[in-house]
>>> print(open('model.txt').read())   # compact mmCIF, C-alpha atoms
# COMPACT_ATOMS: atom_id res chain seq x y z
CA MET A 106 -11.81 21.31 -58.05
CA ILE A 107 -11.43 17.61 -58.75
CA LEU A 108 -7.80 18.00 -59.54
CA GLN A 109 -7.34 20.25 -56.52
CA THR A 110 -8.68 17.57 -54.13
CA GLY A 111 -6.63 14.91 -55.85
CA ASP A 112 -3.55 17.11 -55.73
CA PHE A 113 -4.03 17.78 -52.05
CA ILE A 114 -4.15 14.06 -51.25
CA GLN A 115 -1.22 13.45 -53.56
CA VAL A 116 0.76 16.18 -51.76
CA ILE A 117 0.10 14.50 -48.41
CA ALA A 118 1.08 11.14 -49.88
CA ASP A 119 4.24 12.70 -51.32
CA ILE A 120 5.16 14.25 -47.96
CA VAL A 121 4.65 10.90 -46.25
CA ALA A 122 6.65 9.24 -48.99
CA ALA A 123 9.44 11.76 -48.47
CA VAL A 124 9.48 11.01 -44.74
CA LEU A 125 9.39 7.32 -45.52
CA ASN A 126 12.24 7.64 -48.01
CA PHE A 127 14.22 9.44 -45.36
CA LEU A 128 13.61 6.61 -42.93
CA LYS A 129 13.90 3.96 -45.62
CA LEU A 130 16.93 2.32 -44.09
CA PHE A 131 15.07 1.63 -40.86
CA VAL A 132 11.51 1.29 -42.09
CA ASN A 133 12.13 -1.00 -45.07
CA PRO A 134 13.44 -3.98 -43.09
CA MET A 135 10.62 -3.49 -40.58
CA GLY A 136 8.05 -3.28 -43.36
CA LEU A 137 9.45 -6.38 -45.08
CA PHE A 138 9.38 -8.33 -41.87
CA MET A 139 5.83 -7.18 -41.18
CA VAL A 140 4.68 -8.01 -44.69
CA ASN A 141 6.19 -11.48 -44.50
CA TRP A 142 4.61 -12.52 -41.25
CA MET A 143 1.28 -10.89 -42.07
CA GLU A 144 1.02 -12.58 -45.42
CA TYR A 145 1.76 -15.87 -43.71
CA VAL A 146 -0.79 -15.28 -40.96
CA LEU A 147 -3.49 -14.06 -43.35
CA GLN A 148 -3.49 -17.42 -45.12
CA PHE A 149 -5.26 -18.83 -42.06
CA PHE A 150 -7.95 -16.16 -41.96
CA PRO A 151 -11.15 -17.31 -43.64
CA GLN A 152 -12.22 -15.20 -46.61
CA ASN A 153 -15.72 -14.30 -47.73
CA ASP A 154 -17.24 -15.56 -44.50
CA LEU A 155 -17.92 -12.76 -42.05
CA THR A 156 -19.88 -14.98 -39.64
CA VAL A 157 -16.64 -16.58 -38.42
CA TYR A 158 -15.30 -13.16 -37.41
CA ILE A 159 -18.60 -12.21 -35.80
CA ILE A 160 -18.57 -15.43 -33.77
CA ILE A 161 -14.93 -14.92 -32.76
CA ALA A 162 -15.64 -11.29 -31.72
CA ILE A 163 -18.72 -12.33 -29.69
CA VAL A 164 -16.76 -15.15 -28.01
CA ILE A 165 -13.91 -12.77 -27.10
CA VAL A 166 -16.35 -10.21 -25.69
CA ILE A 167 -18.23 -12.85 -23.65
CA ILE A 168 -14.99 -14.40 -22.36
CA GLY A 169 -13.64 -10.94 -21.54
CA PHE A 170 -16.85 -10.06 -19.70
CA ILE A 171 -16.90 -13.32 -17.71
CA VAL A 172 -13.16 -13.32 -16.92
CA ASN A 173 -13.03 -9.69 -15.86
CA VAL A 174 -16.19 -9.94 -13.78
CA THR A 175 -15.03 -13.16 -12.09
CA TRP A 176 -11.44 -11.97 -11.55
CA PRO A 177 -11.61 -8.17 -11.41
CA GLY A 178 -8.14 -8.09 -9.89
CA ASN A 179 -9.20 -6.82 -6.46
CA LYS A 180 -8.62 -10.18 -4.79
CA LYS A 181 -5.39 -10.32 -2.93
CA PRO A 182 -2.82 -12.68 -4.43
CA GLY A 183 -1.94 -15.83 -2.49
CA PHE A 184 1.57 -14.84 -1.50
CA LEU A 185 0.34 -11.49 -0.14
CA ALA A 186 -2.45 -13.23 1.76
CA LYS A 187 0.14 -15.57 3.30
CA VAL A 188 2.34 -12.64 4.18
CA GLU A 189 -0.66 -10.99 5.81
CA GLU A 190 -1.50 -14.17 7.70
CA ILE A 191 2.06 -14.37 8.97
CA ASP A 192 1.95 -10.68 9.87
CA GLU A 193 -1.32 -11.18 11.70
CA LYS A 194 0.11 -14.19 13.55
CA ILE A 195 3.20 -12.19 14.48
CA GLU A 196 1.01 -9.30 15.61
CA LYS A 197 -1.17 -11.65 17.63
CA LYS A 198 1.84 -13.27 19.25
CA ALA A 199 3.38 -9.88 19.90
CA LYS A 200 0.12 -8.73 21.49
CA GLU A 201 -0.07 -11.91 23.57
CA LEU A 202 3.51 -11.44 24.68
CA ASP A 203 2.81 -7.80 25.46
CA LYS A 204 -0.22 -8.83 27.47
CA LYS A 205 1.80 -11.43 29.33
CA VAL A 206 4.55 -8.94 29.99
CA GLU A 207 1.99 -6.39 31.16
CA ASP A 208 0.28 -8.97 33.40
CA LYS A 209 3.59 -10.05 34.87
CA ALA A 210 4.61 -6.46 35.32
CA LYS A 211 1.29 -5.80 37.07
CA GLU A 212 1.76 -8.86 39.26
CA LEU A 213 5.27 -7.83 40.11
CA GLU A 214 4.09 -4.28 40.82
CA GLU A 215 1.35 -5.60 43.06
CA LYS A 216 3.82 -7.86 44.84
CA VAL A 217 6.28 -5.02 45.21
CA GLU A 218 3.50 -2.78 46.51
CA GLU A 219 2.41 -5.48 48.95
CA LYS A 220 5.95 -5.96 50.13
CA VAL A 221 6.42 -2.23 50.41
CA GLU A 222 3.24 -2.03 52.43
CA GLU A 223 4.38 -4.95 54.61
CA ILE A 224 7.75 -3.34 55.10
CA ASP A 225 6.07 -0.03 55.87
CA ALA A 226 3.81 -1.75 58.35
CA LYS A 227 6.77 -3.50 59.96
CA ILE A 228 8.73 -0.27 60.11
CA LYS A 229 5.74 1.49 61.61
CA LYS A 230 5.34 -1.33 64.14
CA LYS A 231 9.01 -1.17 65.00
CA ILE A 232 8.80 2.59 65.29
CA LYS A 233 5.80 2.21 67.54
CA LYS A 234 7.59 -0.41 69.63
CA ALA A 235 10.68 1.75 69.78
CA LYS A 236 8.56 4.71 70.79
CA GLU A 237 6.83 2.63 73.48
CA LYS A 238 10.16 1.37 74.71
CA ALA A 239 11.50 4.87 74.73
CA GLU A 240 8.45 5.98 76.67
CA VAL A 241 8.93 3.08 79.11
CA ILE A 242 12.59 3.93 79.42
CA GLU A 243 11.74 7.57 79.96
CA GLU A 244 9.19 6.60 82.60
CA GLU A 245 11.71 4.31 84.26
CA ALA A 246 14.32 7.07 84.09
CA GLU A 247 11.85 9.47 85.65
CA GLU A 248 11.05 6.90 88.35
CA LEU A 249 14.74 6.35 88.93
CA GLU A 250 15.25 10.08 89.13
CA GLU A 251 12.44 10.30 91.59
CA GLU A 252 13.89 7.41 93.57
CA ALA A 253 17.30 9.06 93.44
CA GLU A 254 15.76 12.28 94.66
CA GLU A 255 13.97 10.36 97.43
CA LEU A 256 17.21 8.62 98.34
CA GLU A 257 18.99 11.94 98.35
CA GLU A 258 16.32 13.30 100.62
CA LYS A 259 16.61 10.27 102.88
CA ALA A 260 20.36 10.65 102.88
CA GLU A 261 19.93 14.26 103.85
CA GLU A 262 17.51 13.23 106.56
CA LEU A 263 19.99 10.63 107.76
CA GLU A 264 22.68 13.22 107.85
CA GLU A 265 20.42 15.46 109.83
CA LEU A 266 19.68 12.58 112.16
CA ASP A 267 23.36 11.92 112.46
CA ASP A 268 23.90 15.53 113.33
CA GLU A 269 21.06 15.38 115.80
CA ALA A 270 22.51 12.15 117.24
CA GLU A 271 25.86 13.79 117.57
CA VAL A 272 24.23 16.74 119.31
CA LEU A 273 22.33 14.36 121.53
CA GLU A 274 25.47 12.42 122.22
CA GLU A 275 27.20 15.60 123.12
CA LYS A 276 24.27 16.53 125.34
CA ALA A 277 24.33 13.07 126.83
CA GLU A 278 28.01 13.41 127.50
CA GLU A 279 27.44 16.77 129.03
CA LEU A 280 24.66 15.36 131.12
CA ASP A 281 26.89 12.50 132.06
CA LYS A 282 29.55 14.95 133.08
CA GLU A 283 27.03 16.98 135.02
CA LEU A 284 25.76 13.86 136.69
CA LYS A 285 29.24 12.88 137.64
CA LYS A 286 29.84 16.34 139.00
CA ASP A 287 26.60 16.21 140.83
CA GLU A 288 27.50 12.88 142.33
CA GLU A 289 30.86 14.14 143.42
CA LYS A 290 29.38 17.21 145.13
CA PRO A 291 27.30 15.42 147.78
CA LYS A 292 30.28 13.27 148.76
CA LYS A 293 32.29 16.35 149.46
CA THR A 294 29.50 17.71 151.52
CA GLU A 295 29.32 14.57 153.50
CA ILE A 296 32.99 14.75 154.15
CA ASP A 297 32.66 18.19 155.26
CA MET B 7 -15.17 -0.87 -27.66
CA CYS B 8 -17.75 1.45 -29.20
CA VAL B 9 -14.98 3.93 -30.04
CA TYR B 10 -13.07 1.19 -31.82
CA ILE B 11 -16.18 0.08 -33.69
CA VAL B 12 -16.68 3.65 -34.87
CA ILE B 13 -13.03 4.20 -35.78
CA THR B 14 -12.28 0.86 -37.42
CA MET B 15 -15.63 0.03 -38.99
CA VAL B 16 -18.23 2.77 -39.20
CA ILE B 17 -16.03 5.63 -40.42
CA PRO B 18 -14.10 3.57 -43.04
CA ILE B 19 -17.26 1.89 -44.35
CA LEU B 20 -19.08 5.23 -44.61
CA THR B 21 -16.05 6.79 -46.25
CA PHE B 22 -15.70 4.05 -48.85
CA THR B 23 -19.45 4.06 -49.44
CA TRP B 24 -19.38 7.82 -49.93
CA VAL B 25 -16.29 7.60 -52.12
CA LYS B 26 -17.82 4.77 -54.13
CA GLU B 27 -19.97 7.18 -56.07
CA VAL B 28 -19.43 10.86 -55.54
CA GLN B 29 -20.59 13.71 -57.74
CA ILE B 30 -18.58 16.90 -57.93
CA MET B 31 -19.87 19.80 -60.06
CA GLY B 32 -22.25 17.49 -61.92
CA VAL B 33 -19.46 15.10 -62.82
CA ASN B 34 -19.85 11.55 -61.49
CA ILE B 35 -16.67 10.12 -59.98
CA VAL B 36 -17.18 6.40 -59.68
CA LEU B 37 -14.94 4.22 -57.61
CA THR B 38 -13.78 1.67 -60.05
CA GLN B 39 -12.44 -0.54 -57.36
CA HIS B 40 -13.64 -3.97 -58.29
CA ASP B 41 -13.05 -5.25 -54.83
CA TYR B 42 -15.18 -2.68 -53.00
CA GLU B 43 -16.98 -5.54 -51.29
CA ASN B 44 -13.63 -7.11 -50.55
CA ILE B 45 -12.48 -3.90 -48.79
CA ILE B 46 -15.69 -3.72 -46.77
CA PHE B 47 -15.36 -7.40 -45.84
CA TRP B 48 -11.82 -7.05 -44.48
CA ILE B 49 -12.64 -3.77 -42.71
CA SER B 50 -15.63 -5.43 -41.04
CA ALA B 51 -13.72 -8.62 -40.17
CA PHE B 52 -10.70 -6.97 -38.60
CA GLY B 53 -12.81 -4.16 -37.16
CA LEU B 54 -14.86 -6.72 -35.23
CA LEU B 55 -11.76 -8.53 -33.98
CA ILE B 56 -10.03 -5.27 -32.98
CA SER B 57 -13.12 -4.05 -31.13
CA ALA B 58 -13.47 -7.36 -29.26
CA ALA B 59 -9.77 -7.36 -28.33
CA ALA B 60 -10.06 -3.71 -27.23
CA PHE B 61 -13.01 -4.62 -25.00
CA PHE B 62 -10.98 -7.41 -23.37
CA ASN B 63 -7.94 -5.14 -23.10
CA TYR B 64 -9.63 -2.14 -21.50
CA SER B 65 -11.82 -4.18 -19.14
CA SER B 66 -8.81 -6.07 -17.76
CA PRO B 67 -7.06 -4.99 -14.55
CA LYS B 68 -4.24 -2.52 -14.92
CA GLN B 69 -0.81 -4.04 -15.57
CA SER B 70 -2.26 -7.56 -15.63
CA ILE B 71 -0.93 -10.28 -17.93
CA ARG B 72 -4.27 -10.61 -19.74
CA LYS B 73 -4.26 -6.87 -20.39
CA GLY B 74 -0.74 -7.11 -21.80
CA THR B 75 -1.69 -10.12 -23.90
CA PHE B 76 -4.76 -8.52 -25.41
CA ALA B 77 -2.99 -5.18 -25.92
CA LEU B 78 -0.42 -7.08 -27.99
CA VAL B 79 -3.14 -9.02 -29.84
CA GLN B 80 -4.95 -5.76 -30.50
CA ILE B 81 -1.85 -4.16 -32.02
CA ILE B 82 -1.19 -7.22 -34.20
CA LEU B 83 -4.79 -7.13 -35.38
CA ASN B 84 -4.37 -3.42 -36.07
CA CYS B 85 -1.40 -4.27 -38.28
CA LEU B 86 -3.44 -6.84 -40.15
CA TYR B 87 -6.27 -4.34 -40.42
CA ILE B 88 -3.99 -1.71 -41.92
CA TRP B 89 -2.43 -4.33 -44.18
CA SER B 90 -5.88 -5.40 -45.28
CA TYR B 91 -6.26 -1.95 -46.86
CA LYS B 92 -3.28 -2.77 -49.00
CA PHE B 93 -4.05 -6.29 -50.11
CA SER B 94 -7.71 -5.56 -50.65
CA GLY B 95 -6.70 -2.79 -53.06
CA ALA B 96 -7.89 0.14 -50.98
CA THR B 97 -4.47 1.77 -51.05
CA GLU B 98 -4.63 2.20 -54.78
CA ILE B 99 -7.95 3.87 -55.32
CA ARG B 100 -8.86 4.51 -58.93
CA PHE B 101 -11.62 6.91 -59.75
CA GLU B 102 -13.25 7.01 -63.15
CA ILE B 103 -14.53 10.38 -64.24
CA VAL B 104 -17.88 9.84 -65.96
CA PHE B 105 -19.60 12.78 -67.68
CA GLU B 106 -23.07 12.01 -69.09
CA ILE B 107 -22.42 8.28 -69.49
CA VAL B 108 -19.18 9.01 -71.32
CA ASN B 109 -16.03 7.92 -69.56
CA VAL B 110 -13.73 10.94 -69.68
CA GLY B 111 -10.73 9.57 -67.82
CA TYR B 112 -9.56 8.38 -64.38
CA ILE B 113 -7.74 9.52 -61.23
CA SER B 114 -5.61 7.12 -59.25
CA ILE B 115 -4.49 7.79 -55.68
CA ASN B 116 -1.71 5.69 -54.28
CA VAL B 117 -1.43 5.79 -50.50
CA GLN B 118 0.75 2.70 -50.17
CA ASN B 119 3.61 4.75 -48.82
CA MET B 120 1.37 6.06 -46.07
CA VAL B 121 0.32 2.52 -45.22
CA MET B 122 3.95 1.47 -45.11
CA LEU B 123 4.72 4.29 -42.70
CA TYR B 124 1.89 3.10 -40.51
CA MET B 125 3.38 -0.40 -40.64
CA GLY B 126 6.71 0.95 -39.40
CA VAL B 127 4.97 2.76 -36.56
CA TYR B 128 3.02 -0.37 -35.71
CA PHE B 129 6.21 -2.41 -35.71
CA LEU B 130 7.61 -0.11 -33.02
CA THR B 131 4.30 -0.27 -31.16
CA ILE B 132 4.44 -4.07 -31.26
CA LEU B 133 7.93 -3.91 -29.75
CA LEU B 134 6.64 -1.58 -27.01
CA LYS B 135 3.63 -3.77 -26.25
CA GLY B 136 5.85 -6.86 -26.27
CA TYR B 137 8.13 -5.18 -23.77
CA ASP B 138 5.06 -4.29 -21.63
CA PHE B 139 3.86 -7.89 -21.81
CA PHE B 140 7.20 -9.32 -20.67
CA ASP B 141 7.42 -6.63 -18.01
CA PHE B 142 3.98 -7.63 -16.68
CA VAL B 143 4.95 -11.32 -16.74
CA LEU B 144 8.39 -10.96 -15.16
CA ASN B 145 7.46 -8.32 -12.59
CA ARG B 146 4.06 -9.77 -11.79
CA LYS B 147 4.83 -10.16 -8.10
CA THR B 148 6.14 -6.61 -7.71
CA ILE B 149 3.23 -5.13 -9.67
CA ARG B 150 0.70 -6.96 -7.54
CA GLU B 151 2.47 -5.95 -4.34
CA LYS B 152 2.47 -2.32 -5.45
CA ARG B 153 -1.15 -2.54 -6.52
CA TYR B 154 -2.26 -3.75 -3.12
CA LYS B 155 -0.01 -1.37 -1.23
CA THR B 156 -1.02 1.79 -3.07
CA GLU B 157 -4.70 1.05 -3.57
CA VAL B 158 -6.76 0.76 -0.43
CA GLY B 159 -8.81 -2.41 -0.65
CA GLY B 160 -6.97 -3.57 -3.75
CA ASN B 161 -9.37 -2.14 -6.31
CA ASP B 162 -8.03 -2.16 -9.81
CA LEU B 163 -8.27 0.72 -12.19
CA PRO B 164 -9.69 -0.20 -15.62
>>> encode(input="model.txt", output="structure tokens")
Amino acid sequence: MILQTGDFIQVIADIVAAVLNFLKLFVNPMGLFMVNWMEYVLQFFPQNDLTVYIIIAIVIVIIGFIVNVTWPGNKKPGFLAKVEEIDEKIEKKAKELDKKVEDKAKELEEKVEEKVEEIDAKIKKKIKKAKEKAEVIEEEAEELEEEAEELEEKAEELEELDDEAEVLEEKAEELDKELKKDEEKPKKTEID
Amino acid sequence: MCVYIVITMVIPILTFTWVKEVQIMGVNIVLTQHDYENIIFWISAFGLLISAAAFFNYSSPKQSIRKGTFALVQIILNCLYIWSYKFSGATEIRFEIVFEIVNVGYISINVQNMVMLYMGVYFLTILLKGYDFFDFVLNRKTIREKRYKTEVGGNDLP
């Protein structure tokens, strides 16, 4: 049993040794380098005084606790904060410019609407005036037509009067002729 | 930190204490290592330092320089810890087989090769951690930018 346990460990160690022998070319220089620097460093480590290590461990833990609580890494770094500030300023300015543009656009729209309304009103007024003038002209035309009709009627009446005058003149002439005849008749009788 | 205390201190100390005097089938196997106290001292010393460095390392923000620094320190201390097994004599454990006060013989286990393999692995780990450290230092700006872009509110993962 004892030998079995020992053999088992020895077998593991042998397997590891075999692997290590296989990698000897690479591992040996690494191991030598490691051994050298570690032996050098270990000279400075105090021996047979565990309190030094306890103190160092406590100090590291306390410093780690304080440092990682004070600076947990969720505070934005300065350069990112500046970038954000610049972004915010740009956004603000962009918004201000947008607002200004919108205001000016609104003002211009209002002005355009006012002008359109004014122009509409003027056009309507002109249309009204034109309509009134047309009405006046129509009325005048109607009056003129009426006057023309009246004048035509008068002209017709004058023609009729002319005709009547001609008839009367003819009658007068006939009467004159009759009178002359009548005057001539008594003279003949007197002669007789 | 507690995990490291258990792994680097409690388990090795208990193991060496158990191994110090074990009885199999009525036969006492006594650890003849003269420097048993020496082994315990170095295990305790480096175990404390490793645990403290691990606390600092794992409580630091992800990909921060202090995390990189203490990860590297932790690996170096691990190397020293492993090496302490060698120079304190723990890699060449010699058991004396004692049967009814009479010393029958001894068993010696040499695990130096295993320790050397560990040293090679740790050398590569040191290179990796060194690369991480320089990566954190050189790409600090990019890492921080990424951290605050990906994480809402800029909270760091432990």
>>> interface_residues(input="model.txt", of="chain A", to="chain B", cutoff="6 Å", atoms="all atoms listed in the file", output="list in words")
Ala118, Val121, Ala122, Val132, Gly136, Tyr158, Ala162, Ile165, Val166, Gly169, Asn173, Gly178 and Asn179 of chain A
>>> atom_distance(input="model.txt", atom1="CA of Ile71 (chain B)", atom2="CA of Val157 (chain A)")
26.6 Å
>>> closest_residue(input="model.txt", among="A:Leu266, A:Met135, A:Ala226, A:Ala123", to="Ile132 (chain B)", atoms="all atoms listed in the file")
A:Met135
>>> atom_distance(input="model.txt", atom1="CA of Tyr137 (chain B)", atom2="CA of Val79 (chain B)")
13.4 Å
>>> atom_distance(input="model.txt", atom1="CA of Lys92 (chain B)", atom2="CA of Asn153 (chain A)")
17.0 Å
>>> closest_residue(input="model.txt", among="A:Leu155, A:Val241, A:Val172, A:Ile191", to="Ile49 (chain B)", atoms="all atoms listed in the file")
A:Leu155
>>> build_atoms(input="model.txt", residues="region 55-77 of chain B", atoms="N, CA and C atoms", output="PDB file, keeping the file's coordinate frame")
ATOM      1  N   LEU B  55     -12.779  -7.907 -34.824  1.00  0.00           N
ATOM      2  CA  LEU B  55     -11.760  -8.530 -33.980  1.00  0.00           C
ATOM      3  C   LEU B  55     -11.045  -7.489 -33.112  1.00  0.00           C
ATOM      4  N   ILE B  56     -10.713  -6.351 -33.723  1.00  0.00           N
ATOM      5  CA  ILE B  56     -10.030  -5.270 -32.980  1.00  0.00           C
ATOM      6  C   ILE B  56     -10.927  -4.754 -31.850  1.00  0.00           C
ATOM      7  N   SER B  57     -12.194  -4.564 -32.148  1.00  0.00           N
ATOM      8  CA  SER B  57     -13.120  -4.050 -31.130  1.00  0.00           C
ATOM      9  C   SER B  57     -13.277  -5.035 -29.978  1.00  0.00           C
ATOM     10  N   ALA B  58     -13.342  -6.335 -30.309  1.00  0.00           N
ATOM     11  CA  ALA B  58     -13.470  -7.360 -29.260  1.00  0.00           C
ATOM     12  C   ALA B  58     -12.203  -7.387 -28.398  1.00  0.00           C
ATOM     13  N   ALA B  59     -11.041  -7.346 -29.068  1.00  0.00           N
ATOM     14  CA  ALA B  59      -9.770  -7.360 -28.330  1.00  0.00           C
ATOM     15  C   ALA B  59      -9.642  -6.107 -27.464  1.00  0.00           C
ATOM     16  N   ALA B  60     -10.108  -4.964 -27.991  1.00  0.00           N
ATOM     17  CA  ALA B  60     -10.060  -3.710 -27.230  1.00  0.00           C
ATOM     18  C   ALA B  60     -10.945  -3.798 -26.000  1.00  0.00           C
ATOM     19  N   PHE B  61     -12.119  -4.437 -26.155  1.00  0.00           N
ATOM     20  CA  PHE B  61     -13.010  -4.620 -25.000  1.00  0.00           C
ATOM     21  C   PHE B  61     -12.312  -5.430 -23.917  1.00  0.00           C
ATOM     22  N   PHE B  62     -11.695  -6.552 -24.332  1.00  0.00           N
ATOM     23  CA  PHE B  62     -10.980  -7.410 -23.370  1.00  0.00           C
ATOM     24  C   PHE B  62      -9.833  -6.624 -22.740  1.00  0.00           C
ATOM     25  N   ASN B  63      -9.102  -5.893 -23.577  1.00  0.00           N
ATOM     26  CA  ASN B  63      -7.940  -5.140 -23.100  1.00  0.00           C
ATOM     27  C   ASN B  63      -8.330  -4.091 -22.063  1.00  0.00           C
ATOM     28  N   TYR B  64      -9.306  -3.249 -22.388  1.00  0.00           N
ATOM     29  CA  TYR B  64      -9.630  -2.140 -21.500  1.00  0.00           C
ATOM     30  C   TYR B  64     -10.480  -2.553 -20.291  1.00  0.00           C
ATOM     31  N   SER B  65     -11.076  -3.737 -20.319  1.00  0.00           N
ATOM     32  CA  SER B  65     -11.820  -4.180 -19.140  1.00  0.00           C
ATOM     33  C   SER B  65     -10.955  -5.017 -18.197  1.00  0.00           C
ATOM     34  N   SER B  66      -9.717  -5.290 -18.619  1.00  0.00           N
ATOM     35  CA  SER B  66      -8.810  -6.070 -17.760  1.00  0.00           C
ATOM     36  C   SER B  66      -8.153  -5.180 -16.711  1.00  0.00           C
ATOM     37  N   PRO B  67      -7.733  -5.796 -15.573  1.00  0.00           N
ATOM     38  CA  PRO B  67      -7.060  -4.990 -14.550  1.00  0.00           C
ATOM     39  C   PRO B  67      -5.758  -4.384 -15.058  1.00  0.00           C
ATOM     40  N   LYS B  68      -5.442  -3.253 -14.489  1.00  0.00           N
ATOM     41  CA  LYS B  68      -4.240  -2.520 -14.920  1.00  0.00           C
ATOM     42  C   LYS B  68      -2.993  -3.354 -14.663  1.00  0.00           C
ATOM     43  N   GLN B  69      -2.114  -3.363 -15.633  1.00  0.00           N
ATOM     44  CA  GLN B  69      -0.810  -4.040 -15.570  1.00  0.00           C
ATOM     45  C   GLN B  69      -0.933  -5.559 -15.364  1.00  0.00           C
ATOM     46  N   SER B  70      -2.098  -6.113 -15.751  1.00  0.00           N
ATOM     47  CA  SER B  70      -2.260  -7.560 -15.630  1.00  0.00           C
ATOM     48  C   SER B  70      -1.738  -8.239 -16.910  1.00  0.00           C
ATOM     49  N   ILE B  71      -1.477  -9.551 -16.777  1.00  0.00           N
ATOM     50  CA  ILE B  71      -0.930 -10.280 -17.930  1.00  0.00           C
ATOM     51  C   ILE B  71      -1.961 -10.340 -19.061  1.00  0.00           C
ATOM     52  N   ARG B  72      -3.231 -10.531 -18.682  1.00  0.00           N
ATOM     53  CA  ARG B  72      -4.270 -10.610 -19.740  1.00  0.00           C
ATOM     54  C   ARG B  72      -4.407  -9.291 -20.472  1.00  0.00           C
ATOM     55  N   LYS B  73      -4.206  -8.184 -19.727  1.00  0.00           N
ATOM     56  CA  LYS B  73      -4.260  -6.870 -20.390  1.00  0.00           C
ATOM     57  C   LYS B  73      -3.102  -6.748 -21.395  1.00  0.00           C
ATOM     58  N   GLY B  74      -1.921  -7.153 -20.927  1.00  0.00           N
ATOM     59  CA  GLY B  74      -0.740  -7.110 -21.800  1.00  0.00           C
ATOM     60  C   GLY B  74      -0.916  -7.981 -23.025  1.00  0.00           C
ATOM     61  N   THR B  75      -1.485  -9.181 -22.796  1.00  0.00           N
ATOM     62  CA  THR B  75      -1.690 -10.120 -23.900  1.00  0.00           C
ATOM     63  C   THR B  75      -2.635  -9.533 -24.937  1.00  0.00           C
ATOM     64  N   PHE B  76      -3.767  -9.018 -24.448  1.00  0.00           N
ATOM     65  CA  PHE B  76      -4.760  -8.520 -25.410  1.00  0.00           C
ATOM     66  C   PHE B  76      -4.368  -7.177 -26.033  1.00  0.00           C
ATOM     67  N   ALA B  77      -3.522  -6.414 -25.316  1.00  0.00           N
ATOM     68  CA  ALA B  77      -2.990  -5.180 -25.920  1.00  0.00           C
ATOM     69  C   ALA B  77      -2.105  -5.556 -27.116  1.00  0.00           C
TER      70      ALA B  77
END
